[in-house]
$ cat protein-v1.cif   # mmCIF, C-alpha atoms
data_query
#
loop_
_atom_site.group_PDB
_atom_site.id
_atom_site.type_symbol
_atom_site.label_atom_id
_atom_site.label_comp_id
_atom_site.auth_asym_id
_atom_site.auth_seq_id
_atom_site.Cartn_x
_atom_site.Cartn_y
_atom_site.Cartn_z
ATOM 1 C CA MET Q 1 -7.977 57.568 -21.083
ATOM 2 C CA ALA Q 2 -10.219 55.863 -18.519
ATOM 3 C CA LYS Q 3 -9.410 52.276 -17.543
ATOM 4 C CA PRO Q 4 -12.048 49.728 -18.505
ATOM 5 C CA ILE Q 5 -14.389 48.633 -15.725
ATOM 6 C CA ASN Q 6 -14.004 45.139 -14.160
ATOM 7 C CA CYS Q 7 -10.495 44.758 -15.518
ATOM 8 C CA LYS Q 8 -8.762 42.040 -13.449
ATOM 9 C CA ARG Q 9 -5.035 41.823 -13.075
ATOM 10 C CA LYS Q 10 -3.663 38.441 -14.044
ATOM 11 C CA THR Q 11 -1.934 36.663 -11.177
ATOM 12 C CA ALA Q 12 1.583 35.505 -11.985
ATOM 13 C CA PRO Q 13 2.498 31.858 -11.228
ATOM 14 C CA LYS Q 14 4.253 31.305 -7.915
ATOM 15 C CA ARG Q 15 7.779 30.149 -7.319
ATOM 16 C CA VAL Q 16 7.313 29.107 -3.675
ATOM 17 C CA LEU Q 17 4.278 26.964 -2.888
ATOM 18 C CA ARG Q 18 2.590 27.165 0.494
ATOM 19 C CA LEU Q 19 0.801 24.324 2.224
ATOM 20 C CA PRO Q 20 -2.672 25.174 0.794
ATOM 21 C CA ASP Q 21 -1.200 25.220 -2.732
ATOM 22 C CA LEU Q 22 0.484 21.862 -2.194
ATOM 23 C CA ASP Q 23 -2.688 20.393 -0.739
ATOM 24 C CA LEU Q 24 -4.718 21.548 -3.747
ATOM 25 C CA ALA Q 25 -2.193 20.083 -6.180
ATOM 26 C CA LYS Q 26 -2.119 16.834 -4.188
ATOM 27 C CA ARG Q 27 -5.897 16.418 -4.412
ATOM 28 C CA THR Q 28 -5.746 17.002 -8.173
ATOM 29 C CA VAL Q 29 -3.050 14.339 -8.577
ATOM 30 C CA LEU Q 30 -4.915 11.747 -6.510
ATOM 31 C CA ASN Q 31 -8.189 12.407 -8.340
ATOM 32 C CA SER Q 32 -6.480 11.701 -11.656
ATOM 33 C CA LEU Q 33 -5.382 8.188 -10.605
ATOM 34 C CA GLY Q 34 -7.549 5.183 -11.345
ATOM 35 C CA SER Q 35 -5.948 2.486 -9.203
ATOM 36 C CA PRO Q 36 -6.505 2.448 -5.414
ATOM 37 C CA ASP Q 37 -2.973 1.079 -4.981
ATOM 38 C CA SER Q 38 -1.477 3.946 -6.994
ATOM 39 C CA THR Q 39 -3.593 6.446 -5.075
ATOM 40 C CA ARG Q 40 -2.354 5.100 -1.749
ATOM 41 C CA ALA Q 41 1.291 5.015 -2.885
ATOM 42 C CA TYR Q 42 1.205 8.541 -4.370
ATOM 43 C CA ALA Q 43 -0.586 9.953 -1.328
ATOM 44 C CA HIS Q 44 2.137 8.572 0.947
ATOM 45 C CA ALA Q 45 4.885 9.824 -1.385
ATOM 46 C CA ILE Q 46 3.435 13.344 -1.651
ATOM 47 C CA ASP Q 47 2.902 13.582 2.101
ATOM 48 C CA ASP Q 48 6.530 12.607 2.646
ATOM 49 C CA PHE Q 49 7.741 15.265 0.201
ATOM 50 C CA VAL Q 50 5.477 17.974 1.620
ATOM 51 C CA THR Q 51 6.699 17.243 5.159
ATOM 52 C CA TRP Q 52 10.305 17.511 4.004
ATOM 53 C CA TYR Q 53 9.691 20.576 1.824
ATOM 54 C CA CYS Q 54 7.922 22.501 4.587
ATOM 55 C CA SER Q 55 10.685 21.682 7.066
ATOM 56 C CA GLU Q 56 13.339 23.178 4.771
ATOM 57 C CA PRO Q 57 13.934 26.911 4.153
ATOM 58 C CA ARG Q 58 11.264 28.157 1.754
ATOM 59 C CA LEU Q 59 13.110 27.876 -1.554
ATOM 60 C CA ALA Q 60 11.581 27.977 -5.000
ATOM 61 C CA PHE Q 61 9.831 24.700 -5.842
ATOM 62 C CA GLY Q 62 12.132 23.792 -8.703
ATOM 63 C CA LYS Q 63 14.716 21.352 -9.996
ATOM 64 C CA HIS Q 64 17.365 22.023 -7.343
ATOM 65 C CA VAL Q 65 14.863 21.416 -4.514
ATOM 66 C CA VAL Q 66 13.784 18.075 -5.983
ATOM 67 C CA LEU Q 67 17.438 17.113 -6.445
ATOM 68 C CA ARG Q 68 18.004 17.828 -2.746
ATOM 69 C CA TYR Q 69 14.983 15.688 -1.945
ATOM 70 C CA ARG Q 70 16.412 12.827 -4.021
ATOM 71 C CA ILE Q 71 19.658 13.066 -2.044
ATOM 72 C CA GLU Q 72 17.588 12.948 1.156
ATOM 73 C CA LEU Q 73 15.831 9.770 -0.036
ATOM 74 C CA GLU Q 74 19.141 8.158 -0.952
ATOM 75 C CA SER Q 75 20.508 8.978 2.498
ATOM 76 C CA ARG Q 76 17.660 6.935 3.995
ATOM 77 C CA LEU Q 77 18.999 3.911 2.056
ATOM 78 C CA LEU Q 78 15.691 3.421 0.274
ATOM 79 C CA ALA Q 79 15.501 1.058 -2.689
ATOM 80 C CA PRO Q 80 15.815 2.652 -6.164
ATOM 81 C CA ALA Q 81 12.254 1.574 -7.011
ATOM 82 C CA THR Q 82 10.927 3.341 -3.914
ATOM 83 C CA ILE Q 83 12.891 6.500 -4.705
ATOM 84 C CA ASN Q 84 11.602 6.538 -8.272
ATOM 85 C CA VAL Q 85 7.982 6.225 -7.093
ATOM 86 C CA ARG Q 86 8.514 9.187 -4.732
ATOM 87 C CA LEU Q 87 10.055 11.273 -7.529
ATOM 88 C CA ALA Q 88 7.278 10.328 -9.963
ATOM 89 C CA ALA Q 89 4.721 11.583 -7.444
ATOM 90 C CA VAL Q 90 6.626 14.873 -7.071
ATOM 91 C CA ARG Q 91 6.733 15.303 -10.858
ATOM 92 C CA CYS Q 92 2.964 14.818 -10.997
ATOM 93 C CA LEU Q 93 2.575 17.326 -8.175
ATOM 94 C CA ALA Q 94 4.606 19.918 -10.104
ATOM 95 C CA TYR Q 95 2.709 19.242 -13.339
ATOM 96 C CA GLU Q 96 -0.702 19.683 -11.718
ATOM 97 C CA ALA Q 97 0.468 22.805 -9.866
ATOM 98 C CA ALA Q 98 1.668 24.349 -13.136
ATOM 99 C CA ASP Q 99 -1.483 23.279 -14.970
ATOM 100 C CA SER Q 100 -3.585 24.984 -12.289
ATOM 101 C CA GLY Q 101 -1.549 28.183 -12.573
ATOM 102 C CA LEU Q 102 -0.019 27.794 -9.115
ATOM 103 C CA LEU Q 103 3.554 27.170 -10.256
ATOM 104 C CA SER Q 104 5.770 28.698 -12.890
ATOM 105 C CA PRO Q 105 5.867 26.465 -16.024
ATOM 106 C CA GLU Q 106 9.640 26.905 -16.191
ATOM 107 C CA LEU Q 107 10.074 25.479 -12.677
ATOM 108 C CA ALA Q 108 7.711 22.596 -13.441
ATOM 109 C CA ALA Q 109 9.666 21.793 -16.618
ATOM 110 C CA GLY Q 110 12.893 21.704 -14.606
ATOM 111 C CA ILE Q 111 11.357 19.258 -12.131
ATOM 112 C CA GLN Q 112 10.295 16.974 -14.983
ATOM 113 C CA ARG Q 113 13.968 16.695 -15.999
ATOM 114 C CA VAL Q 114 15.095 15.321 -12.621
ATOM 115 C CA LYS Q 115 16.343 11.790 -13.224
ATOM 116 C CA GLY Q 116 15.424 8.886 -11.021
ATOM 117 C CA ALA Q 117 17.732 6.545 -9.147
ATOM 118 C CA LYS Q 118 19.557 3.918 -11.187
ATOM 119 C CA LYS Q 119 18.609 0.304 -10.639
ATOM 120 C CA LEU Q 120 21.724 -1.833 -10.368
ATOM 121 C CA GLY Q 121 20.851 -5.453 -11.132
ATOM 122 C CA VAL Q 122 17.548 -7.221 -10.525
ATOM 123 C CA ARG Q 123 16.102 -7.820 -7.094
ATOM 124 C CA LEU Q 124 16.070 -11.589 -6.664
ATOM 125 C CA GLY Q 125 13.204 -12.023 -4.242
ATOM 126 C CA ASN Q 126 12.371 -15.475 -2.894
ATOM 127 C CA TRP Q 127 10.544 -18.583 -3.977
ATOM 128 C CA LEU Q 128 9.748 -22.007 -2.518
ATOM 129 C CA THR Q 129 10.478 -25.567 -3.507
ATOM 130 C CA VAL Q 130 7.683 -28.129 -3.788
ATOM 131 C CA ASP Q 131 8.609 -29.550 -0.365
ATOM 132 C CA GLU Q 132 8.530 -26.084 1.204
ATOM 133 C CA CYS Q 133 5.112 -25.457 -0.348
ATOM 134 C CA ARG Q 134 3.791 -28.627 1.292
ATOM 135 C CA ARG Q 135 5.252 -27.587 4.646
ATOM 136 C CA LEU Q 136 3.703 -24.131 4.332
ATOM 137 C CA LEU Q 137 0.257 -25.551 3.537
ATOM 138 C CA ARG Q 138 0.469 -27.938 6.501
ATOM 139 C CA ALA Q 139 1.467 -25.143 8.906
ATOM 140 C CA PRO Q 140 -2.087 -23.913 9.781
ATOM 141 C CA ASP Q 141 -4.076 -26.027 12.252
ATOM 142 C CA GLU Q 142 -6.719 -27.717 10.091
ATOM 143 C CA GLN Q 143 -8.767 -28.635 13.176
ATOM 144 C CA THR Q 144 -9.721 -24.991 13.725
ATOM 145 C CA LEU Q 145 -11.823 -22.669 11.592
ATOM 146 C CA LYS Q 146 -9.019 -20.118 11.421
ATOM 147 C CA GLY Q 147 -6.607 -22.815 10.292
ATOM 148 C CA LYS Q 148 -8.934 -23.872 7.472
ATOM 149 C CA ARG Q 149 -9.187 -20.244 6.336
ATOM 150 C CA ASP Q 150 -5.434 -19.708 6.481
ATOM 151 C CA ARG Q 151 -4.793 -22.870 4.488
ATOM 152 C CA ALA Q 152 -7.305 -21.760 1.846
ATOM 153 C CA VAL Q 153 -5.612 -18.348 1.593
ATOM 154 C CA LEU Q 154 -2.191 -19.968 1.159
ATOM 155 C CA ALA Q 155 -3.598 -22.345 -1.461
ATOM 156 C CA MET Q 156 -4.886 -19.429 -3.546
ATOM 157 C CA LEU Q 157 -1.555 -17.613 -3.294
ATOM 158 C CA LEU Q 158 0.487 -20.664 -4.299
ATOM 159 C CA GLY Q 159 -1.917 -22.345 -6.709
ATOM 160 C CA CYS Q 160 -3.480 -19.362 -8.463
ATOM 161 C CA GLY Q 161 -0.672 -16.809 -8.275
ATOM 162 C CA LEU Q 162 -2.947 -14.074 -6.936
ATOM 163 C CA ARG Q 163 -1.747 -10.870 -5.326
ATOM 164 C CA ARG Q 164 -2.693 -10.438 -1.676
ATOM 165 C CA ALA Q 165 -5.093 -7.599 -2.553
ATOM 166 C CA GLU Q 166 -6.809 -9.875 -5.076
ATOM 167 C CA VAL Q 167 -7.139 -12.670 -2.519
ATOM 168 C CA ALA Q 168 -8.733 -10.288 -0.020
ATOM 169 C CA LYS Q 169 -11.308 -9.055 -2.564
ATOM 170 C CA VAL Q 170 -12.395 -12.360 -4.151
ATOM 171 C CA GLN Q 171 -16.158 -12.916 -3.976
ATOM 172 C CA VAL Q 172 -17.879 -16.299 -3.770
ATOM 173 C CA ARG Q 173 -19.679 -15.555 -7.051
ATOM 174 C CA ASP Q 174 -16.323 -15.041 -8.797
ATOM 175 C CA LEU Q 175 -15.548 -18.747 -8.415
ATOM 176 C CA GLN Q 176 -17.225 -20.387 -11.417
ATOM 177 C CA ARG Q 177 -16.918 -23.546 -13.482
ATOM 178 C CA ARG Q 178 -15.926 -22.943 -17.085
ATOM 179 C CA GLU Q 179 -15.252 -25.705 -19.633
ATOM 180 C CA GLU Q 180 -15.091 -28.391 -16.926
ATOM 181 C CA HIS Q 181 -12.534 -26.399 -14.919
ATOM 182 C CA TRP Q 182 -12.875 -24.056 -11.957
ATOM 183 C CA ALA Q 183 -11.711 -20.467 -12.377
ATOM 184 C CA ILE Q 184 -11.947 -17.033 -10.816
ATOM 185 C CA VAL Q 185 -13.836 -15.160 -13.518
ATOM 186 C CA ASP Q 186 -13.376 -11.473 -14.377
ATOM 187 C CA LEU Q 187 -10.768 -10.888 -11.690
ATOM 188 C CA VAL Q 188 -9.952 -7.166 -11.505
ATOM 189 C CA GLY Q 189 -6.244 -6.882 -10.806
ATOM 190 C CA LYS Q 190 -3.554 -4.228 -10.726
ATOM 191 C CA GLY Q 191 -4.249 -1.257 -12.979
ATOM 192 C CA ARG Q 192 -7.879 -2.458 -13.322
ATOM 193 C CA HIS Q 193 -6.802 -5.154 -15.784
ATOM 194 C CA ILE Q 194 -9.337 -7.976 -15.987
ATOM 195 C CA ARG Q 195 -8.368 -11.624 -16.307
ATOM 196 C CA THR Q 196 -9.644 -15.122 -15.549
ATOM 197 C CA ALA Q 197 -7.436 -17.104 -13.172
ATOM 198 C CA PRO Q 198 -7.649 -20.916 -13.313
ATOM 199 C CA VAL Q 199 -8.180 -22.705 -9.990
ATOM 200 C CA PRO Q 200 -6.552 -26.158 -9.630
ATOM 201 C CA ASP Q 201 -8.715 -28.938 -8.204
ATOM 202 C CA TRP Q 202 -6.653 -29.183 -5.002
ATOM 203 C CA VAL Q 203 -7.131 -25.441 -4.391
ATOM 204 C CA LYS Q 204 -10.894 -25.779 -4.975
ATOM 205 C CA ALA Q 205 -11.055 -28.665 -2.472
ATOM 206 C CA THR Q 206 -9.271 -26.507 0.126
ATOM 207 C CA LEU Q 207 -11.662 -23.620 -0.521
ATOM 208 C CA ASP Q 208 -14.695 -25.911 -0.210
ATOM 209 C CA GLU Q 209 -13.483 -27.174 3.167
ATOM 210 C CA TRP Q 210 -13.297 -23.588 4.404
ATOM 211 C CA THR Q 211 -16.579 -22.304 2.957
ATOM 212 C CA GLN Q 212 -18.604 -25.335 4.036
ATOM 213 C CA THR Q 213 -17.286 -25.229 7.599
ATOM 214 C CA ALA Q 214 -17.755 -21.455 7.800
ATOM 215 C CA ALA Q 215 -21.156 -21.609 6.024
ATOM 216 C CA ILE Q 216 -20.187 -18.914 3.534
ATOM 217 C CA ALA Q 217 -22.469 -18.847 0.486
ATOM 218 C CA ASP Q 218 -22.114 -15.282 -0.797
ATOM 219 C CA GLY Q 219 -20.142 -12.081 -0.376
ATOM 220 C CA ARG Q 220 -16.401 -12.065 0.267
ATOM 221 C CA LEU Q 221 -14.776 -15.498 0.141
ATOM 222 C CA PHE Q 222 -12.602 -14.900 3.219
ATOM 223 C CA ARG Q 223 -13.719 -13.472 6.567
ATOM 224 C CA CYS Q 224 -12.118 -12.583 9.889
ATOM 225 C CA VAL Q 225 -12.138 -15.222 12.626
ATOM 226 C CA ASN Q 226 -11.911 -14.151 16.273
ATOM 227 C CA ARG Q 227 -10.152 -16.022 19.068
ATOM 228 C CA SER Q 228 -13.282 -17.946 19.988
ATOM 229 C CA GLY Q 229 -13.464 -19.348 16.444
ATOM 230 C CA THR Q 230 -16.403 -17.211 15.313
ATOM 231 C CA ILE Q 231 -16.647 -15.427 11.979
ATOM 232 C CA TRP Q 232 -17.184 -11.680 12.054
ATOM 233 C CA GLY Q 233 -17.154 -8.860 9.532
ATOM 234 C CA ASP Q 234 -17.673 -9.065 5.789
ATOM 235 C CA GLY Q 235 -14.100 -9.630 4.613
ATOM 236 C CA ILE Q 236 -10.382 -9.430 5.328
ATOM 237 C CA THR Q 237 -7.718 -6.884 4.467
ATOM 238 C CA GLU Q 238 -4.372 -7.200 2.681
ATOM 239 C CA LYS Q 239 -2.699 -6.937 6.085
ATOM 240 C CA VAL Q 240 -4.504 -10.078 7.258
ATOM 241 C CA VAL Q 241 -3.160 -11.974 4.241
ATOM 242 C CA TRP Q 242 0.321 -10.690 5.067
ATOM 243 C CA HIS Q 243 0.037 -11.929 8.681
ATOM 244 C CA ILE Q 244 -1.248 -15.335 7.518
ATOM 245 C CA VAL Q 245 1.806 -15.825 5.296
ATOM 246 C CA LYS Q 246 4.266 -14.610 7.945
ATOM 247 C CA TYR Q 247 2.763 -16.714 10.747
ATOM 248 C CA SER Q 248 2.517 -19.866 8.608
ATOM 249 C CA ALA Q 249 6.070 -19.425 7.282
ATOM 250 C CA LYS Q 250 7.381 -19.137 10.831
ATOM 251 C CA ARG Q 251 5.609 -22.342 11.856
ATOM 252 C CA ALA Q 252 6.960 -24.104 8.761
ATOM 253 C CA GLY Q 253 10.515 -22.938 9.466
ATOM 254 C CA ILE Q 254 10.734 -20.821 6.293
ATOM 255 C CA GLN Q 255 12.685 -17.580 6.541
ATOM 256 C CA GLN Q 256 11.986 -14.238 4.849
ATOM 257 C CA LEU Q 257 8.751 -15.174 3.060
ATOM 258 C CA ALA Q 258 6.355 -12.494 1.774
ATOM 259 C CA PRO Q 259 2.948 -12.940 0.067
ATOM 260 C CA HIS Q 260 4.426 -11.940 -3.301
ATOM 261 C CA ASP Q 261 6.988 -14.738 -2.941
ATOM 262 C CA CYS Q 262 4.086 -17.180 -3.187
ATOM 263 C CA ARG Q 263 3.201 -15.552 -6.508
ATOM 264 C CA ARG Q 264 6.807 -15.974 -7.659
ATOM 265 C CA THR Q 265 6.662 -19.605 -6.559
ATOM 266 C CA CYS Q 266 3.517 -20.194 -8.599
ATOM 267 C CA ALA Q 267 5.208 -18.755 -11.707
ATOM 268 C CA ARG Q 268 8.364 -20.810 -11.238
ATOM 269 C CA LEU Q 269 6.548 -24.101 -10.593
ATOM 270 C CA CYS Q 270 4.293 -23.532 -13.614
ATOM 271 C CA HIS Q 271 7.359 -22.940 -15.779
ATOM 272 C CA ALA Q 272 9.088 -26.025 -14.363
ATOM 273 C CA ALA Q 273 5.988 -28.099 -15.205
ATOM 274 C CA GLY Q 274 6.249 -27.057 -18.854
ATOM 275 C CA GLY Q 275 4.050 -23.979 -18.904
ATOM 276 C CA GLU Q 276 4.760 -21.481 -21.683
ATOM 277 C CA LEU Q 277 5.805 -17.963 -20.775
ATOM 278 C CA GLU Q 278 2.679 -16.515 -22.411
ATOM 279 C CA GLN Q 279 0.498 -18.826 -20.286
ATOM 280 C CA ILE Q 280 2.242 -17.700 -17.114
ATOM 281 C CA GLN Q 281 1.834 -14.074 -18.208
ATOM 282 C CA PHE Q 282 -1.923 -14.661 -18.598
ATOM 283 C CA LEU Q 283 -2.106 -16.447 -15.234
ATOM 284 C CA LEU Q 284 -0.376 -13.619 -13.365
ATOM 285 C CA GLY Q 285 -2.144 -10.830 -15.251
ATOM 286 C CA HIS Q 286 0.985 -9.076 -16.507
ATOM 287 C CA VAL Q 287 0.471 -6.580 -19.318
ATOM 288 C CA SER Q 288 4.000 -7.121 -20.657
ATOM 289 C CA VAL Q 289 5.740 -10.470 -21.036
ATOM 290 C CA GLU Q 290 8.979 -8.722 -20.013
ATOM 291 C CA THR Q 291 7.505 -8.333 -16.517
ATOM 292 C CA THR Q 292 6.935 -12.098 -16.345
ATOM 293 C CA GLU Q 293 10.494 -12.750 -17.489
ATOM 294 C CA ARG Q 294 11.854 -10.733 -14.578
ATOM 295 C CA TYR Q 295 10.455 -13.238 -12.083
ATOM 296 C CA PRO Q 296 13.130 -15.298 -10.281
ATOM 297 C CA GLY Q 297 14.640 -18.029 -12.385
ATOM 298 C CA LEU Q 298 12.538 -17.292 -15.479
ATOM 299 C CA GLN Q 299 14.636 -14.595 -17.106
ATOM 300 C CA ALA Q 300 17.810 -16.693 -17.165
ATOM 301 C CA GLU Q 301 16.008 -19.746 -18.514
ATOM 302 C CA VAL Q 302 14.248 -17.749 -21.220
ATOM 303 C CA ALA Q 303 17.528 -16.105 -22.247
ATOM 304 C CA ALA Q 304 19.236 -19.506 -22.433
ATOM 305 C CA SER Q 305 16.443 -20.909 -24.615
ATOM 306 C CA ARG Q 306 16.872 -18.032 -27.048
#

$ encode --input "protein-v1.cif" --output "structure tokens"
Amino acid sequence: MAKPINCKRKTAPKRVLRLPDLDLAKRTVLNSLGSPDSTRAYAHAIDDFVTWYCSEPRLAFGKHVVLRYRIELESRLLAPATINVRLAAVRCLAYEAADSGLLSPELAAGIQRVKGAKKLGVRLGNWLTVDECRRLLRAPDEQTLKGKRDRAVLAMLLGCGLRRAEVAKVQVRDLQRREEHWAIVDLVGKGRHIRTAPVPDWVKATLDEWTQTAAIADGRLFRCVNRSGTIWGDGITEKVVWHIVKYSAKRAGIQQLAPHDCRRTCARLCHAAGGELEQIQFLLGHVSVETTERYPGLQAEVAASR
């Protein structure tokens, strides 16, 4: 009996993925993510895995390979949270490869069963006292344009509890007066969650000093300042915010301070002033109140009150 014309043989899923297959699966994973932060983190994680996988003998891309990769990550003394992000990216890579017909479904299912690293305890982080906050805000030179900008950035971190990415992206038009109070309206935060962040009067006064001196009326609220004291560009990056915090902390004599520690400080000071946990959750833009409770000093106090 004659074979039917145009009959195509079905290609069986692969067990060993080559670099083009991994690259295709990586693009599919990154295109499925909505957050720029998640996209950046997963891209770095996948690149790290691909580099390691291609340097090893070409074994089947399955559970035992991912287990070996987890052991490799643990040998680097990475934090459990970092390891779990890397493994989550690899699981997504395997899922997309199987969904595209590049990888055997059985191997992908085995990879999904790889457990992450256990988190022992809660990372404490750091936070500032009221006196340390004052010292940090006085650290920039207020006589210079750069100093006024740096002080305004620190004020938003400490007074509004913003993430450094949110500070870098704030527009002048976002700062609006609502019900006789200033606020950053429709702030798009992590995971594209939208909130309105209240702006204390002292923070608004610091921002006005910066914008009036720099003659900024629209666009990004913060701009780069060169060594001659001239504004250039149309905004700043997260890295600039990081350098502002590190440089100011060094001048203030504060050790081991990161931008997110200013956010922790805002939460703790709000709670100490009588703020309810739900109010702090709204201020910080947390989806779950359990996330707010994990901030330094809050979880123990909430547990004691219960």

$ residues_around --input "protein-v1.cif" --residues "Ser100 of chain Q" --least-positions-apart "2" --cutoff "10 Å" --atoms "all atoms listed in the file" --output "compact mmCIF listing (two decimals) with C-alpha atoms, keeping the file's coordinate frame"
# COMPACT_ATOMS: atom_id res chain seq x y z
CA PRO Q 13 2.50 31.86 -11.23
CA ASP Q 21 -1.20 25.22 -2.73
CA LEU Q 24 -4.72 21.55 -3.75
CA ALA Q 25 -2.19 20.08 -6.18
CA THR Q 28 -5.75 17.00 -8.17
CA ALA Q 94 4.61 19.92 -10.10
CA TYR Q 95 2.71 19.24 -13.34
CA GLU Q 96 -0.70 19.68 -11.72
CA ALA Q 97 0.47 22.80 -9.87
CA ALA Q 98 1.67 24.35 -13.14
CA LEU Q 102 -0.02 27.79 -9.12
CA LEU Q 103 3.55 27.17 -10.26

$ atom_distance --input "protein-v1.cif" --atom1 "atom CA of Val65 of chain Q" --atom2 "atom CA of Asp23 of chain Q"
18.0 Å

$ resolve_selection --input "protein-v1.cif" --expression "the PyMOL selection byres ((chain Q and resi 219-226) around 10)" --output "compact mmCIF listing (two decimals) with C-alpha atoms, keeping the file's coordinate frame"
# COMPACT_ATOMS: atom_id res chain seq x y z
CA LEU Q 145 -11.82 -22.67 11.59
CA LYS Q 146 -9.02 -20.12 11.42
CA GLY Q 147 -6.61 -22.82 10.29
CA ARG Q 149 -9.19 -20.24 6.34
CA ASP Q 150 -5.43 -19.71 6.48
CA ALA Q 152 -7.30 -21.76 1.85
CA VAL Q 153 -5.61 -18.35 1.59
CA VAL Q 167 -7.14 -12.67 -2.52
CA ALA Q 168 -8.73 -10.29 -0.02
CA LYS Q 169 -11.31 -9.06 -2.56
CA VAL Q 170 -12.40 -12.36 -4.15
CA GLN Q 171 -16.16 -12.92 -3.98
CA VAL Q 172 -17.88 -16.30 -3.77
CA ARG Q 173 -19.68 -15.56 -7.05
CA ASP Q 174 -16.32 -15.04 -8.80
CA LEU Q 175 -15.55 -18.75 -8.41
CA LEU Q 207 -11.66 -23.62 -0.52
CA TRP Q 210 -13.30 -23.59 4.40
CA THR Q 211 -16.58 -22.30 2.96
CA ALA Q 214 -17.76 -21.46 7.80
CA ILE Q 216 -20.19 -18.91 3.53
CA ALA Q 217 -22.47 -18.85 0.49
CA ASP Q 218 -22.11 -15.28 -0.80
CA ARG Q 227 -10.15 -16.02 19.07
CA SER Q 228 -13.28 -17.95 19.99
CA GLY Q 229 -13.46 -19.35 16.44
CA THR Q 230 -16.40 -17.21 15.31
CA ILE Q 231 -16.65 -15.43 11.98
CA TRP Q 232 -17.18 -11.68 12.05
CA GLY Q 233 -17.15 -8.86 9.53
CA ASP Q 234 -17.67 -9.06 5.79
CA GLY Q 235 -14.10 -9.63 4.61
CA ILE Q 236 -10.38 -9.43 5.33
CA THR Q 237 -7.72 -6.88 4.47
CA VAL Q 240 -4.50 -10.08 7.26
CA VAL Q 241 -3.16 -11.97 4.24

$ atom_distance --input "protein-v1.cif" --atom1 "atom CA of Ala165 of chain Q" --atom2 "atom CA of Leu187 of chain Q"
11.2 Å

$ atom_distance --input "protein-v1.cif" --atom1 "atom CA of Arg251 of chain Q" --atom2 "atom CA of Ala139 of chain Q"
5.8 Å

$ closest_residue --input "protein-v1.cif" --among "Q:Arg134, Q:Lys63, Q:His181, Q:Arg86" --to "Gln112 of chain Q" --atoms "only C-alpha atoms"
Q:Lys63

$ closest_atom_pairs --input "protein-v1.cif" --of "segment 87-192 of chain Q" --to "segment 49-62 of chain Q" --cutoff "8 Å" --atoms "all atoms listed in the file" --output "CSV"
residue,atom,partner,partner_atom,distance
Q:Val90,CA,Q:Phe49,CA,7.4
Q:Leu107,CA,Q:Gly62,CA,4.8
Q:Ala108,CA,Q:Gly62,CA,6.6
Q:Gly110,CA,Q:Gly62,CA,6.3
Q:Ile111,CA,Q:Gly62,CA,5.7

$ resolve_selection --input "protein-v1.cif" --expression "the PyMOL selection byres ((chain Q and resi 81) around 9)" --output "PyMOL selection string"
chain Q and resi 78-80+82-86+116-119
